[in-house]
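Visitor: This is entry_34.pdb (PDB, C-alpha atoms).
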```pdb
ATOM      1  CA  MET A   4      46.755  91.619   0.524
ATOM      2  CA  SER A   5      49.180  94.411   1.266
ATOM      3  CA  ALA A   6      52.968  94.006   1.488
ATOM      4  CA  LEU A   7      52.845  94.741   5.215
ATOM      5  CA  GLN A   8      50.376  91.934   5.819
ATOM      6  CA  ASN A   9      52.477  89.634   3.684
ATOM      7  CA  GLU A  10      55.471  90.249   5.909
ATOM      8  CA  LYS A  11      53.452  89.545   9.002
ATOM      9  CA  TYR A  12      52.351  86.195   7.624
ATOM     10  CA  LEU A  13      55.918  85.219   6.845
ATOM     11  CA  VAL A  14      57.051  86.034  10.365
ATOM     12  CA  GLU A  15      54.251  84.124  11.995
ATOM     13  CA  GLY A  16      54.723  81.087   9.854
ATOM     14  CA  PRO A  17      52.311  78.243   9.215
ATOM     15  CA  SER A  18      51.706  77.400  12.871
ATOM     16  CA  GLY A  19      48.310  79.056  12.782
ATOM     17  CA  LEU A  20      48.623  79.649  16.497
ATOM     18  CA  ASN A  21      49.271  83.377  16.532
ATOM     19  CA  PHE A  22      46.392  85.663  15.976
ATOM     20  CA  ASP A  23      45.480  89.041  17.242
ATOM     21  CA  LEU A  24      42.245  89.836  18.945
ATOM     22  CA  CYS A  25      40.878  92.131  16.281
ATOM     23  CA  TYR A  26      37.681  90.969  14.689
ATOM     24  CA  SER A  27      36.529  91.480  11.173
ATOM     25  CA  LYS A  28      32.913  91.346  10.161
ATOM     26  CA  ARG A  29      31.971  90.648   6.582
ATOM     27  CA  LEU A  30      30.268  87.494   5.465
ATOM     28  CA  PHE A  31      28.691  85.503   8.350
ATOM     29  CA  GLY A  32      29.528  87.615  11.374
ATOM     30  CA  TYR A  33      32.652  88.016  13.444
ATOM     31  CA  CYS A  34      35.734  85.822  13.144
ATOM     32  CA  SER A  35      39.127  85.741  14.771
ATOM     33  CA  ARG A  36      41.932  87.019  12.555
ATOM     34  CA  GLN A  37      44.395  84.307  11.714
ATOM     35  CA  PRO A  38      47.351  83.999   9.360
ATOM     36  CA  ILE A  39      47.228  81.553   6.444
ATOM     37  CA  LEU A  40      43.540  80.907   7.033
ATOM     38  CA  ASN A  41      42.476  84.548   6.741
ATOM     39  CA  GLU A  42      38.796  84.787   5.889
ATOM     40  CA  SER A  43      38.685  81.157   4.837
ATOM     41  CA  ILE A  44      38.198  80.312   8.529
ATOM     42  CA  ARG A  45      34.523  80.791   7.674
ATOM     43  CA  ASN A  46      34.621  77.497   5.829
ATOM     44  CA  VAL A  47      34.323  76.011   9.309
ATOM     45  CA  TYR A  48      30.612  76.856   9.050
ATOM     46  CA  PHE A  49      30.185  74.662   5.968
ATOM     47  CA  HIS A  50      32.906  72.052   5.753
ATOM     48  CA  VAL A  51      32.831  70.883   9.381
ATOM     49  CA  PRO A  52      29.019  70.735   9.807
ATOM     50  CA  LEU A  53      28.880  68.556   6.678
ATOM     51  CA  TRP A  54      31.073  65.986   8.414
ATOM     52  CA  PHE A  55      29.199  66.316  11.701
ATOM     53  CA  GLY A  56      25.960  65.789   9.818
ATOM     54  CA  MET A  57      27.446  62.823   7.996
ATOM     55  CA  ILE A  58      28.448  61.124  11.257
ATOM     56  CA  THR A  59      24.958  61.643  12.665
ATOM     57  CA  LEU A  60      23.367  60.228   9.512
ATOM     58  CA  LEU A  61      25.721  57.235   9.500
ATOM     59  CA  LEU A  62      24.971  56.548  13.165
ATOM     60  CA  THR A  63      21.250  56.629  12.397
ATOM     61  CA  SER A  64      21.834  54.327   9.448
ATOM     62  CA  ALA A  65      23.709  51.845  11.646
ATOM     63  CA  ILE A  66      20.925  51.999  14.262
ATOM     64  CA  PHE A  67      18.310  51.204  11.626
ATOM     65  CA  SER A  68      20.472  48.325  10.382
ATOM     66  CA  ILE A  69      20.497  46.905  13.918
ATOM     67  CA  LYS A  70      16.752  47.471  14.067
ATOM     68  CA  TYR A  71      16.337  45.577  10.809
ATOM     69  CA  LEU A  72      18.366  42.631  12.090
ATOM     70  CA  ARG A  73      16.173  42.503  15.207
ATOM     71  CA  SER A  74      12.812  42.934  13.490
ATOM     72  CA  GLY A  75      13.391  41.596   9.976
ATOM     73  CA  LYS A  76      11.172  44.346   8.542
ATOM     74  CA  LEU A  77      12.316  45.536   5.106
ATOM     75  CA  GLY A  78      11.101  49.036   5.998
ATOM     76  CA  ASP A  79      13.944  49.441   8.486
ATOM     77  CA  ASP A  80      16.472  48.364   5.865
ATOM     78  CA  LEU A  81      15.091  50.970   3.465
ATOM     79  CA  VAL A  82      15.564  53.712   6.065
ATOM     80  CA  ALA A  83      19.130  52.544   6.731
ATOM     81  CA  VAL A  84      20.062  52.709   3.033
ATOM     82  CA  GLU A  85      18.634  56.159   2.516
ATOM     83  CA  PHE A  86      20.451  57.523   5.572
ATOM     84  CA  ALA A  87      23.674  56.034   4.199
ATOM     85  CA  ASN A  88      22.966  57.581   0.780
ATOM     86  CA  THR A  89      22.578  61.092   2.177
ATOM     87  CA  ALA A  90      25.619  60.565   4.395
ATOM     88  CA  ILE A  91      27.677  59.641   1.322
ATOM     89  CA  LEU A  92      26.440  62.800  -0.421
ATOM     90  CA  PHE A  93      27.572  64.835   2.606
ATOM     91  CA  GLY A  94      30.872  62.976   2.642
ATOM     92  CA  LEU A  95      31.558  63.690  -1.019
ATOM     93  CA  LEU A  96      30.673  67.354  -0.493
ATOM     94  CA  GLY A  97      32.909  67.372   2.588
ATOM     95  CA  CYS A  98      35.790  65.991   0.516
ATOM     96  CA  ALA A  99      35.169  68.536  -2.261
ATOM     97  CA  THR A 100      34.961  71.528   0.075
ATOM     98  CA  GLY A 101      37.922  70.257   2.071
ATOM     99  CA  SER A 102      40.169  69.905  -0.930
ATOM    100  CA  LEU A 103      39.127  73.338  -2.207
ATOM    101  CA  TRP A 104      40.008  74.804   1.167
ATOM    102  CA  ALA A 105      43.243  72.807   1.467
ATOM    103  CA  ASN A 106      44.338  73.956  -1.982
ATOM    104  CA  PHE A 107      44.454  77.576  -0.829
ATOM    105  CA  THR A 108      45.630  77.116   2.759
ATOM    106  CA  TRP A 109      47.717  73.950   2.918
ATOM    107  CA  GLY A 110      48.970  74.318  -0.654
ATOM    108  CA  GLU A 111      47.670  71.059  -2.075
ATOM    109  CA  PRO A 112      44.181  69.834  -2.901
ATOM    110  CA  TRP A 113      44.847  66.485  -1.214
ATOM    111  CA  PRO A 114      47.821  66.680   1.159
ATOM    112  CA  ASN A 115      49.136  63.479   2.685
ATOM    113  CA  ASP A 116      47.233  63.879   5.933
ATOM    114  CA  PRO A 117      46.097  60.928   8.084
ATOM    115  CA  LYS A 118      42.587  62.337   8.414
ATOM    116  CA  LEU A 119      42.184  62.664   4.652
ATOM    117  CA  ASN A 120      43.512  59.205   3.970
ATOM    118  CA  SER A 121      41.294  57.681   6.661
ATOM    119  CA  VAL A 122      38.288  59.444   5.239
ATOM    120  CA  ALA A 123      39.154  58.203   1.748
ATOM    121  CA  VAL A 124      39.184  54.640   3.095
ATOM    122  CA  GLY A 125      35.896  55.284   4.927
ATOM    123  CA  MET A 126      34.201  56.681   1.825
ATOM    124  CA  LEU A 127      35.347  53.685  -0.219
ATOM    125  CA  MET A 128      33.914  51.413   2.484
ATOM    126  CA  TYR A 129      30.515  53.061   2.142
ATOM    127  CA  LEU A 130      30.651  53.048  -1.654
ATOM    128  CA  ALA A 131      31.375  49.322  -1.365
ATOM    129  CA  TYR A 132      28.220  49.093   0.788
ATOM    130  CA  LEU A 133      26.138  50.447  -2.093
ATOM    131  CA  ILE A 134      27.841  48.101  -4.569
ATOM    132  CA  LEU A 135      27.278  45.179  -2.198
ATOM    133  CA  ARG A 136      23.583  45.995  -2.111
ATOM    134  CA  GLY A 137      23.409  46.057  -5.877
ATOM    135  CA  SER A 138      24.855  42.576  -6.166
ATOM    136  CA  PHE A 139      21.951  40.648  -4.548
ATOM    137  CA  ASP A 140      18.687  39.725  -6.174
ATOM    138  CA  ASP A 141      16.951  38.321  -3.140
ATOM    139  CA  GLU A 142      15.552  41.195  -1.047
ATOM    140  CA  GLN A 143      15.818  39.594   2.395
ATOM    141  CA  ARG A 144      19.292  38.294   1.728
ATOM    142  CA  ARG A 145      20.461  41.683   0.465
ATOM    143  CA  ALA A 146      18.947  43.467   3.439
ATOM    144  CA  ARG A 147      20.459  41.071   5.983
ATOM    145  CA  ILE A 148      24.002  40.965   4.596
ATOM    146  CA  SER A 149      24.185  44.695   3.882
ATOM    147  CA  ALA A 150      22.828  45.481   7.370
ATOM    148  CA  VAL A 151      25.646  43.470   8.917
ATOM    149  CA  TYR A 152      28.152  45.169   6.610
ATOM    150  CA  ASN A 153      26.743  48.603   7.478
ATOM    151  CA  ILE A 154      27.168  48.038  11.219
ATOM    152  CA  PHE A 155      30.747  46.884  10.761
ATOM    153  CA  ALA A 156      31.480  49.772   8.385
ATOM    154  CA  PHE A 157      30.324  52.281  10.992
ATOM    155  CA  ALA A 158      32.300  50.520  13.698
ATOM    156  CA  VAL A 159      35.432  50.860  11.549
ATOM    157  CA  PHE A 160      34.654  54.361  10.287
ATOM    158  CA  VAL A 161      34.544  55.996  13.724
ATOM    159  CA  PRO A 162      38.027  54.924  14.914
ATOM    160  CA  LEU A 163      39.343  55.575  11.416
ATOM    161  CA  ILE A 164      38.451  59.266  11.443
ATOM    162  CA  PHE A 165      38.506  60.036  15.173
ATOM    163  CA  ILE A 166      41.290  57.918  16.605
ATOM    164  CA  VAL A 167      43.836  57.184  13.855
ATOM    165  CA  PRO A 168      44.499  60.886  13.008
ATOM    166  CA  ARG A 169      45.047  61.616  16.704
ATOM    167  CA  LEU A 170      47.782  58.995  16.953
ATOM    168  CA  THR A 171      49.981  60.770  14.435
ATOM    169  CA  ASP A 172      50.522  64.317  13.304
ATOM    170  CA  SER A 173      47.723  65.877  11.305
ATOM    171  CA  LEU A 174      47.036  69.206   9.654
ATOM    172  CA  HIS A 175      43.498  69.153  10.989
ATOM    173  CA  PRO A 176      42.901  70.862  14.323
ATOM    174  CA  GLY A 177      42.010  68.451  17.090
ATOM    175  CA  ASN A 178      44.528  65.898  15.874
ATOM    176  CA  GLY A 179      48.138  65.064  16.594
ATOM    177  CA  GLY A 180      48.007  66.710  20.005
ATOM    178  CA  ASN A 181      46.207  69.886  18.906
ATOM    179  CA  PRO A 182      43.121  70.754  20.877
ATOM    180  CA  ALA A 183      39.962  70.596  18.781
ATOM    181  CA  PHE A 184      37.874  73.751  18.856
ATOM    182  CA  GLY A 185      40.440  75.077  21.289
ATOM    183  CA  LYS A 186      41.105  78.724  21.864
ATOM    184  CA  TYR A 187      43.359  78.739  18.802
ATOM    185  CA  ASP A 188      40.872  78.072  16.063
ATOM    186  CA  MET A 189      37.464  79.001  17.473
ATOM    187  CA  ASP A 190      36.107  81.691  19.685
ATOM    188  CA  ASN A 191      32.665  82.234  21.128
ATOM    189  CA  ASN A 192      31.647  84.549  18.283
ATOM    190  CA  MET A 193      32.239  81.725  15.853
ATOM    191  CA  ARG A 194      30.494  79.138  17.997
ATOM    192  CA  VAL A 195      27.330  81.239  17.741
ATOM    193  CA  VAL A 196      27.327  80.489  14.010
ATOM    194  CA  PHE A 197      28.999  77.095  14.049
ATOM    195  CA  TYR A 198      26.662  75.105  16.303
ATOM    196  CA  PRO A 199      23.456  76.259  14.583
ATOM    197  CA  ALA A 200      25.179  75.363  11.286
ATOM    198  CA  VAL A 201      25.833  71.847  12.608
ATOM    199  CA  ILE A 202      22.185  71.496  13.632
ATOM    200  CA  GLY A 203      21.037  72.991  10.323
ATOM    201  CA  PHE A 204      23.130  70.715   8.111
ATOM    202  CA  THR A 205      22.091  67.658  10.124
ATOM    203  CA  LEU A 206      18.414  68.568   9.806
ATOM    204  CA  LEU A 207      18.861  69.262   6.085
ATOM    205  CA  GLY A 208      20.338  65.787   5.732
ATOM    206  CA  VAL A 209      17.472  64.249   7.708
ATOM    207  CA  TRP A 210      14.942  66.067   5.521
ATOM    208  CA  ILE A 211      16.576  64.940   2.249
ATOM    209  CA  THR A 212      16.683  61.398   3.651
ATOM    210  CA  GLU A 213      13.033  61.595   4.619
ATOM    211  CA  LEU A 214      12.088  62.645   1.075
ATOM    212  CA  SER A 215      13.978  59.684  -0.400
ATOM    213  CA  ILE A 216      12.441  57.293   2.137
ATOM    214  CA  ARG A 217       8.923  58.475   1.308
ATOM    215  CA  LEU A 218       9.684  58.126  -2.400
ATOM    216  CA  ARG A 219      10.910  54.562  -1.884
ATOM    217  CA  ARG A 220       7.854  53.675   0.204
ATOM    218  CA  VAL A 221       5.494  54.960  -2.478
ATOM    219  CA  LYS A 222       7.462  53.012  -5.071
ATOM    220  CA  ALA A 223       7.261  49.854  -2.985
ATOM    221  CA  ALA A 224       3.515  50.350  -2.490
ATOM    222  CA  LEU A 225       3.029  50.818  -6.240
ATOM    223  CA  ASP A 226       4.963  47.661  -7.054
ATOM    224  CA  ASP A 227       2.742  45.533  -4.813
TER     225      ASP A 227
ATOM    226  CA  MET B  29      13.534  85.832 -28.086
ATOM    227  CA  ARG B  30      12.374  82.541 -26.703
ATOM    228  CA  LEU B  31      15.104  80.600 -24.903
ATOM    229  CA  PRO B  32      14.807  77.411 -22.862
ATOM    230  CA  PHE B  33      14.689  78.030 -19.116
ATOM    231  CA  LEU B  34      18.050  76.372 -18.461
ATOM    232  CA  THR B  35      19.785  78.466 -21.118
ATOM    233  CA  LYS B  36      18.365  81.614 -19.628
ATOM    234  CA  ILE B  37      19.492  80.636 -16.133
ATOM    235  CA  SER B  38      23.022  79.861 -17.285
ATOM    236  CA  LEU B  39      23.258  83.151 -19.189
ATOM    237  CA  VAL B  40      22.152  85.096 -16.127
ATOM    238  CA  ALA B  41      24.635  83.164 -13.981
ATOM    239  CA  LEU B  42      27.443  83.960 -16.439
ATOM    240  CA  LEU B  43      26.486  87.616 -16.335
ATOM    241  CA  LEU B  44      26.546  87.619 -12.523
ATOM    242  CA  PHE B  45      29.739  85.652 -12.022
ATOM    243  CA  SER B  46      31.799  87.260 -14.789
ATOM    244  CA  GLN B  47      31.699  90.546 -12.867
ATOM    245  CA  THR B  48      33.323  89.166  -9.754
ATOM    246  CA  LEU B  49      35.681  86.713 -11.453
ATOM    247  CA  PHE B  50      37.156  89.033 -14.034
ATOM    248  CA  ALA B  51      37.231  92.144 -11.873
ATOM    249  CA  HIS B  52      40.220  90.763  -9.967
ATOM    250  CA  GLN B  53      43.175  90.914 -12.280
ATOM    251  CA  PRO B  54      46.122  88.789 -11.081
ATOM    252  CA  VAL B  55      49.119  90.529  -9.525
ATOM    253  CA  SER B  56      52.118  89.984 -11.763
ATOM    254  CA  ASN B  57      55.043  90.912  -9.472
ATOM    255  CA  GLY B  58      54.892  88.306  -6.678
ATOM    256  CA  VAL B  59      55.282  84.544  -6.793
ATOM    257  CA  ASP B  60      51.813  84.046  -5.329
ATOM    258  CA  MET B  61      49.579  82.230  -7.730
ATOM    259  CA  ALA B  62      45.854  81.652  -7.980
ATOM    260  CA  ASP B  63      45.570  85.271  -6.994
ATOM    261  CA  GLN B  64      41.883  85.595  -7.477
ATOM    262  CA  LEU B  65      40.955  83.050  -4.844
ATOM    263  CA  ARG B  66      43.694  84.284  -2.510
ATOM    264  CA  ALA B  67      42.593  87.913  -2.831
ATOM    265  CA  ASP B  68      40.637  89.753  -0.142
ATOM    266  CA  GLY B  69      41.741  87.501   2.694
ATOM    267  CA  LYS B  70      40.748  84.317   0.816
ATOM    268  CA  ILE B  71      37.060  85.135   1.138
ATOM    269  CA  TRP B  72      36.577  83.746  -2.376
ATOM    270  CA  VAL B  73      37.566  80.314  -1.121
ATOM    271  CA  VAL B  74      34.556  80.538   1.193
ATOM    272  CA  VAL B  75      32.378  81.595  -1.734
ATOM    273  CA  ALA B  76      33.646  78.639  -3.791
ATOM    274  CA  VAL B  77      32.977  76.248  -0.898
ATOM    275  CA  VAL B  78      29.450  77.576  -0.416
ATOM    276  CA  ALA B  79      28.857  77.264  -4.162
ATOM    277  CA  ALA B  80      30.148  73.667  -4.152
ATOM    278  CA  VAL B  81      27.877  72.669  -1.254
ATOM    279  CA  PHE B  82      24.909  74.383  -2.872
ATOM    280  CA  ALA B  83      25.563  72.783  -6.267
ATOM    281  CA  GLY B  84      26.011  69.328  -4.742
ATOM    282  CA  ILE B  85      22.774  69.468  -2.775
ATOM    283  CA  ILE B  86      20.849  70.911  -5.734
ATOM    284  CA  ILE B  87      22.127  68.166  -8.057
ATOM    285  CA  TYR B  88      21.030  65.540  -5.536
ATOM    286  CA  LEU B  89      17.598  67.155  -5.196
ATOM    287  CA  VAL B  90      17.161  67.403  -8.988
ATOM    288  CA  ARG B  91      17.914  63.676  -9.190
ATOM    289  CA  LEU B  92      15.267  63.073  -6.534
ATOM    290  CA  ASP B  93      12.852  65.260  -8.489
ATOM    291  CA  ARG B  94      13.399  63.115 -11.597
ATOM    292  CA  GLN B  95      12.667  59.940  -9.645
ATOM    293  CA  ILE B  96       9.436  61.471  -8.357
ATOM    294  CA  GLY B  97       8.532  62.509 -11.911
ATOM    295  CA  LYS B  98       9.058  58.941 -13.115
ATOM    296  CA  LEU B  99       6.864  57.654 -10.310
ATOM    297  CA  GLU B 100       4.132  60.163 -11.137
ATOM    298  CA  LYS B 101       4.163  58.970 -14.732
ATOM    299  CA  GLU B 102       3.838  55.401 -13.517
ATOM    300  CA  VAL B 103       0.904  56.325 -11.300
ATOM    301  CA  LYS B 104      -0.775  58.128 -14.206
ATOM    302  CA  GLU B 105      -0.385  55.121 -16.482
ATOM    303  CA  LYS B 106      -1.713  52.779 -13.815
ATOM    304  CA  SER B 107      -4.720  54.946 -13.036
ATOM    305  CA  SER B 108      -5.557  55.330 -16.740
ATOM    306  CA  VAL B 109      -5.383  51.537 -17.109
ATOM    307  CA  VAL B 110      -7.736  51.150 -14.123
ATOM    308  CA  SER B 111     -10.235  53.745 -15.386
ATOM    309  CA  HIS B 112     -10.488  52.270 -18.905
TER     310      HIS B 112
END
```
What is this file in structure tokens?
Guide:
Amino acid sequence: MSALQNEKYLVEGPSGLNFDLCYSKRLFGYCSRQPILNESIRNVYFHVPLWFGMITLLLTSAIFSIKYLRSGKLGDDLVAVEFANTAILFGLLGCATGSLWANFTWGEPWPNDPKLNSVAVGMLMYLAYLILRGSFDDEQRRARISAVYNIFAFAVFVPLIFIVPRLTDSLHPGNGGNPAFGKYDMDNNMRVVFYPAVIGFTLLGVWITELSIRLRRVKAALDD
Amino acid sequence: MRLPFLTKISLVALLLFSQTLFAHQPVSNGVDMADQLRADGKIWVVVAVVAAVFAGIIIYLVRLDRQIGKLEKEVKEKSSVVSH
């Protein structure tokens, strides 16, 4: 980083709103030039799709929990757990990548941001789901109670990460009155990479889940 | 020299990463710290993030692989019991 660039960053400050319309192309195509973020804007292709994928997986998990409660088939419960497992993996990776990114842009690995705190609560809720499952011996009882818990967890998780951060000020774009994916932090060149990345990470999560589900089914068949 | 596969992999990884990590010597005049990850427009933060995602998914898949291995062993034992 040259001294001239350094000066520019100081003048523009941490608003992140000023950027010029030059594009740089290195890793993963074109990006808008922005202060503070610099090239790390490309983390949007990895960090954000992880969370998008996680939400999709959690929604699927909640749907299968509802399905289990309606049908009473243990197979549906198995699918719900495995979707939750992969979602938790994505969530942990999202936290790790987020704190790496925050360390070099916001100055702290875990700043006191409403979105981060909400997500921490949400992750603990889902870890509690796994612990809850481990604490029952009776299969049907475990499946029924954890399915109910899973539905409630999802119902709390969504407002926790989408609504609560919007009520106050947040460092994340799309919160505290900032437009999400607005003209300030994304342009069409980035969307070309971002949306396929969202689809890709979601499908990767579905595939990993499918592998675990098949493994569990084989295991269940062997035990019979 | 015969080395275990994992040792070989880690040695190769060290060889690859040491180039990029140690090539960037920190700047001593400014107050800026963690220079290496802030160098070159923070592109190394992206590299670290990609590496973290990759490592996380690989660890999860290796765990899955182990579970499948255990199951295969079980199947083998069962089938040998049936055949005898």
Visitor: Run through the PyMOL selection byres ((chain A) within 6 of (chain B)) on the given coordinates and return the selected residues as a compact mmCIF listing (two decimals) with C-alpha atoms, in the frame of the given file.
Guide:
```
# COMPACT_ATOMS: atom_id res chain seq x y z
CA ASN A 41 42.48 84.55 6.74
CA GLU A 42 38.80 84.79 5.89
CA SER A 43 38.68 81.16 4.84
CA ASN A 46 34.62 77.50 5.83
CA THR A 100 34.96 71.53 0.08
```
Visitor: For atom CA of A:Leu60 and atom CA of A:Phe160, quote the distance in Å rounded to one decimal.
Guide: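 Separation between atom CA of A:Leu60 and atom CA of A:Phe160: 12.7 Å.
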Visitor: Padding 4 Å on every side, please: axis-aligned box over the listed atoms of stretch 98-107 of chain A, centre and edge lengths to one decimal in Å, as lines of an AutoDock Vina configuration file.
Guide:
```
center_x = 39.7
center_y = 71.8
center_z = -0.1
size_x = 17.5
size_y = 19.6
size_z = 12.3
```
Visitor: In Å, how far is it from atom CA of A:Asn120 to atom CA of A:Phe49?
Guide: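 Taking atom CA of A:Asn120 and atom CA of A:Phe49, their separation equals 20.5 Å.
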Visitor: At a cut-off of 9 Å from (38.6, 66.1, 2.3) in the coordinates of the file, what residues are picked up using all atoms listed in the file, written as JSON, numbers by chain?
Guide: {"A": [50, 94, 95, 96, 97, 98, 99, 100, 101, 102, 103, 104, 105, 112, 113, 118, 119, 120, 122, 123]}
Visitor: List every protein, DNA or RNA residue that has at least one atom no more than 12 Å from (41.9, 55.0, 15.0) in the file's coordinates, counting only C-alpha atoms, and write the result as a PDB file with C-alpha atoms, in the frame of the given file.
Guide:
```pdb
ATOM      1  CA  PRO A 117      46.097  60.928   8.084  1.00  0.00           C
ATOM      2  CA  LYS A 118      42.587  62.337   8.414  1.00  0.00           C
ATOM      3  CA  ASN A 120      43.512  59.205   3.970  1.00  0.00           C
ATOM      4  CA  SER A 121      41.294  57.681   6.661  1.00  0.00           C
ATOM      5  CA  VAL A 122      38.288  59.444   5.239  1.00  0.00           C
ATOM      6  CA  GLY A 125      35.896  55.284   4.927  1.00  0.00           C
ATOM      7  CA  ALA A 158      32.300  50.520  13.698  1.00  0.00           C
ATOM      8  CA  VAL A 159      35.432  50.860  11.549  1.00  0.00           C
ATOM      9  CA  PHE A 160      34.654  54.361  10.287  1.00  0.00           C
ATOM     10  CA  VAL A 161      34.544  55.996  13.724  1.00  0.00           C
ATOM     11  CA  PRO A 162      38.027  54.924  14.914  1.00  0.00           C
ATOM     12  CA  LEU A 163      39.343  55.575  11.416  1.00  0.00           C
ATOM     13  CA  ILE A 164      38.451  59.266  11.443  1.00  0.00           C
ATOM     14  CA  PHE A 165      38.506  60.036  15.173  1.00  0.00           C
ATOM     15  CA  ILE A 166      41.290  57.918  16.605  1.00  0.00           C
ATOM     16  CA  VAL A 167      43.836  57.184  13.855  1.00  0.00           C
ATOM     17  CA  PRO A 168      44.499  60.886  13.008  1.00  0.00           C
ATOM     18  CA  ARG A 169      45.047  61.616  16.704  1.00  0.00           C
ATOM     19  CA  LEU A 170      47.782  58.995  16.953  1.00  0.00           C
ATOM     20  CA  THR A 171      49.981  60.770  14.435  1.00  0.00           C
ATOM     21  CA  ASN A 178      44.528  65.898  15.874  1.00  0.00           C
ATOM     22  CA  GLY A 179      48.138  65.064  16.594  1.00  0.00           C
TER      23      GLY A 179
END
```
Visitor: What does the distance from atom CA of A:Ile58 to atom CA of A:Leu207 come to in Å, to one decimal?
Guide: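 Atom CA of A:Leu207 lies 13.6 Å from atom CA of A:Ile58.
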Visitor: Which residue, A:Met57, A:Leu81, A:Val47, A:Leu40, has the smallest gap to A:Tyr198 when you use all atoms listed in the file?
Guide: A:Val47
Visitor: Can you list what the PyMOL selection byres ((chain A and resi 67) around 12) grabs from this structure, as an NGL selection string?
Guide: :A and (60-66 or 68-87 or 146-147 or 149-151 or 153-154)
Visitor: Could you list, as an MDAnalysis selection string, every residue matched by the PyMOL selection byres ((chain A and resi 52) around 8) in this structure?
Guide: chainID A and resid 47:51 53:56 197 200:202 204:205
